[in-house]
Each structure stands twice: as C-alpha cells, then as structure tokens.
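Structure file input35.pdb; described as PDB, C-alpha atoms.
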ATOM      1  CA  PRO H  28      22.861 -23.933  20.413
ATOM      2  CA  ALA H  29      22.043 -27.243  22.150
ATOM      3  CA  PHE H  30      24.703 -26.440  24.767
ATOM      4  CA  GLU H  31      23.505 -24.232  27.605
ATOM      5  CA  ASP H  32      26.427 -21.816  27.256
ATOM      6  CA  CYS H  33      25.821 -21.198  23.534
ATOM      7  CA  PRO H  34      24.197 -17.954  22.377
ATOM      8  CA  GLY H  35      20.601 -18.618  21.422
ATOM      9  CA  HIS H  36      20.225 -21.652  23.673
ATOM     10  CA  LEU H  37      16.946 -20.415  25.164
ATOM     11  CA  HIS H  38      15.422 -20.076  21.682
ATOM     12  CA  TRP H  39      16.724 -23.494  20.714
ATOM     13  CA  ARG H  40      15.316 -25.097  23.870
ATOM     14  CA  ARG H  41      11.951 -23.427  23.269
ATOM     15  CA  ASP H  42      11.702 -24.543  19.609
ATOM     16  CA  PHE H  43      13.523 -27.880  19.354
ATOM     17  CA  THR H  44      13.513 -31.290  21.006
ATOM     18  CA  GLY H  45      16.914 -32.500  19.808
ATOM     19  CA  ALA H  46      20.118 -31.582  18.033
ATOM     20  CA  ALA H  47      21.731 -32.814  14.848
ATOM     21  CA  GLY H  48      25.288 -33.922  14.310
ATOM     22  CA  LEU H  49      26.291 -31.682  11.396
ATOM     23  CA  PHE H  50      29.811 -30.311  11.409
ATOM     24  CA  SER H  51      32.670 -29.463   9.095
ATOM     25  CA  ILE H  52      36.337 -30.320   8.984
ATOM     26  CA  VAL H  53      38.830 -27.949   7.386
ATOM     27  CA  PHE H  54      41.877 -29.952   6.383
ATOM     28  CA  ASP H  55      45.362 -28.533   6.605
ATOM     29  CA  ALA H  56      46.284 -26.626   3.439
ATOM     30  CA  ARG H  57      48.917 -29.238   2.557
ATOM     31  CA  TYR H  58      46.103 -31.627   1.546
ATOM     32  CA  SER H  59      44.840 -31.143  -1.990
ATOM     33  CA  GLU H  60      41.312 -31.414  -3.371
ATOM     34  CA  ALA H  61      42.249 -34.812  -4.801
ATOM     35  CA  GLN H  62      43.427 -36.038  -1.400
ATOM     36  CA  THR H  63      40.313 -34.892   0.423
ATOM     37  CA  ASP H  64      38.189 -36.428  -2.339
ATOM     38  CA  ARG H  65      40.006 -39.735  -1.735
ATOM     39  CA  PHE H  66      39.314 -39.346   1.990
ATOM     40  CA  VAL H  67      35.565 -38.983   1.284
ATOM     41  CA  ASP H  68      35.638 -41.863  -1.229
ATOM     42  CA  ALA H  69      37.383 -44.100   1.329
ATOM     43  CA  LEU H  70      34.598 -43.726   3.882
ATOM     44  CA  ALA H  71      32.585 -46.936   4.044
ATOM     45  CA  LEU H  72      29.751 -45.980   6.410
ATOM     46  CA  PHE H  73      29.455 -42.335   5.385
ATOM     47  CA  LYS H  74      27.674 -41.954   2.066
ATOM     48  CA  ILE H  75      28.119 -38.934  -0.176
ATOM     49  CA  GLY H  76      25.107 -36.683   0.110
ATOM     50  CA  PHE H  77      23.512 -33.379   1.071
ATOM     51  CA  SER H  78      20.429 -34.516   3.015
ATOM     52  CA  TRP H  79      21.454 -33.015   6.346
ATOM     53  CA  GLY H  80      19.533 -34.034   9.417
ATOM     54  CA  GLY H  81      18.643 -37.544   8.264
ATOM     55  CA  VAL H  82      19.385 -40.816  10.023
ATOM     56  CA  HIS H  83      22.312 -41.847   7.789
ATOM     57  CA  SER H  84      25.857 -40.557   8.082
ATOM     58  CA  LEU H  85      26.852 -38.443   5.094
ATOM     59  CA  ALA H  86      29.972 -36.683   3.867
ATOM     60  CA  VAL H  87      30.557 -34.159   1.102
ATOM     61  CA  PRO H  88      33.584 -32.098   0.102
ATOM     62  CA  TYR H  89      33.031 -28.389  -0.558
ATOM     63  CA  ARG H  90      35.132 -26.181  -2.836
ATOM     64  CA  MET H  91      34.954 -23.151  -0.577
ATOM     65  CA  GLN H  92      37.675 -21.234  -2.409
ATOM     66  CA  GLY H  93      35.364 -21.158  -5.434
ATOM     67  CA  MET H  94      32.229 -20.484  -3.393
ATOM     68  CA  ARG H  95      33.429 -17.657  -1.152
ATOM     69  CA  ARG H  96      35.694 -14.761  -2.056
ATOM     70  CA  ASN H  97      36.916 -14.281   1.498
ATOM     71  CA  TRP H  98      37.400 -17.932   2.513
ATOM     72  CA  PRO H  99      39.990 -17.430   5.298
ATOM     73  CA  HIS H 100      41.266 -21.011   5.396
ATOM     74  CA  GLY H 101      43.758 -22.504   3.000
ATOM     75  CA  GLY H 102      42.516 -26.060   3.368
ATOM     76  CA  GLN H 103      39.699 -28.099   1.907
ATOM     77  CA  LEU H 104      36.391 -28.354   3.755
ATOM     78  CA  VAL H 105      34.499 -31.627   4.231
ATOM     79  CA  ARG H 106      31.061 -31.513   5.838
ATOM     80  CA  LEU H 107      29.819 -34.495   7.859
ATOM     81  CA  ASN H 108      26.346 -35.397   9.044
ATOM     82  CA  ILE H 109      26.399 -37.983  11.827
ATOM     83  CA  GLY H 110      23.587 -40.502  11.574
ATOM     84  CA  LEU H 111      22.386 -43.315  13.811
ATOM     85  CA  GLU H 112      25.172 -45.791  13.076
ATOM     86  CA  SER H 113      27.359 -47.037  15.922
ATOM     87  CA  VAL H 114      29.654 -44.284  17.202
ATOM     88  CA  ASP H 115      32.571 -46.721  17.417
ATOM     89  CA  ASP H 116      31.992 -47.827  13.818
ATOM     90  CA  LEU H 117      31.853 -44.239  12.592
ATOM     91  CA  ILE H 118      35.059 -43.338  14.416
ATOM     92  CA  ALA H 119      36.788 -46.394  12.953
ATOM     93  CA  ASP H 120      35.578 -45.425   9.482
ATOM     94  CA  LEU H 121      36.939 -41.892   9.844
ATOM     95  CA  GLU H 122      40.247 -43.195  11.197
ATOM     96  CA  GLN H 123      40.775 -45.621   8.313
ATOM     97  CA  ALA H 124      39.985 -42.890   5.766
ATOM     98  CA  LEU H 125      42.351 -40.452   7.487
ATOM     99  CA  GLN H 126      45.140 -43.009   7.158
ATOM    100  CA  LEU H 127      45.033 -42.394   3.393
ATOM    101  CA  LEU H 128      46.131 -38.805   3.907
TER     102      LEU H 128
END

Any chance you could put this one into structure tokens?
Amino acid sequence: PAFEDCPGHLHWRRDFTGAAGLFSIVFDARYSEAQTDRFVDALALFKIGFSWGGVHSLAVPYRMQGMRRNWPHGGQLVRLNIGLESVDDLIADLEQALQLL
C-alpha cells in the first residue's frame, strides 16, 4: 500500500511513516524442498528468521502445501525480509545462492 496506486494507500499514508521490504518468492515447481532449503542455506547476508520488519535481512522457506489446502502454486515459497544492508550486497548474495539451483 505504499504505492499511490495501491488499494488502501490513503489509510497507509495516514497511519504509517515508512514501508517494509517483506516479500515472497514462489520457485518453479521443478525445484524441490531440498533445493530451496539449499538456496536459503547458501545465503550469506540473509539470516534464517521470522522477525519481519527488523533491520536485518532474513529468509525462511515455507511448506505451503502442508499449510494451505488450496495452495494454487506447485513451487516452494521462500519469504524474504530486506534489511538495511547494502542493496548491491544483497543482490549479489541472492544471485550466488540462485546459482546453486
């Protein structure tokens, strides 16, 4: 909702002073749980954790097929929280981990 064209933007602007960098990646179904776990383990700057909204970059794999009956995607989900580390360093970290796939 931080973007002006998003539904709810006026409420967001009224109640908040900034936005967080929380998002999810759904990997192609050809990548297994073990492969996406290796991707998360290969991240050097992203730590494994659930404390969304903090200053450190975090990553965690979710087993959505076991959590939701109607999960419409075949692939594995990894949730990322972007912290205050250098953007270039974070991109490089993601790229090197993706190379393992």

Next item on the list: Tell me which residues the PyMOL selection byres ((chain H and resi 58) around 12) grabs here, as a VMD selection string.
Entry: chain H and resid 53 to 57 59 to 66 101 to 105 125 127 to 128

Notebook entry, point to check: Using only C-alpha atoms, which residue out of H:Ile52, H:Ile109, H:Leu117, H:Cys33 lies closest to Ser84 of chain H?
Noted result: H:Ile109

Picked residues, the PyMOL selection byres ((chain H and resi 74) around 6), expected as an mmCIF file with C-alpha atoms, keeping the file's coordinate frame:
data_model
loop_
_atom_site.group_PDB
_atom_site.id
_atom_site.type_symbol
_atom_site.label_atom_id
_atom_site.label_comp_id
_atom_site.auth_asym_id
_atom_site.auth_seq_id
_atom_site.Cartn_x
_atom_site.Cartn_y
_atom_site.Cartn_z
ATOM 1 C CA PHE H 73 29.455 -42.335 5.385
ATOM 2 C CA ILE H 75 28.119 -38.934 -0.176
ATOM 3 C CA LEU H 85 26.852 -38.443 5.094
#

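Going from atom CA of Val67 of chain H over to atom CA of Arg95 of chain H, you cover 21.6 Å.
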
Next item on the list: Kindly give the distance, in Å, that separates atom CA of Pro34 of chain H and atom CA of Pro99 of chain H, rounded to a single decimal.
Entry: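 According to the coordinates, atom CA of Pro34 of chain H and atom CA of Pro99 of chain H are separated by 23.3 Å.
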
Item checked: From H:Phe30, H:Ser51, H:Leu70, H:Tyr89, residue lying nearest Gln123 of chain H [only C-alpha atoms] -> H:Leu70

Item checked: Coordinates-based distance that separates atom CA of Asp116 of chain H from atom CA of Pro28 of chain H (Å, one decimal) -> 26.4 Å

Next item on the list: Step by step, work through what the PyMOL selection byres ((chain H and resi 77) around 9) selects in the shown file, and finish by giving those residues as JSON, numbers by chain.
Entry: {"H": [75, 76, 78, 79, 85, 86, 87, 108]}
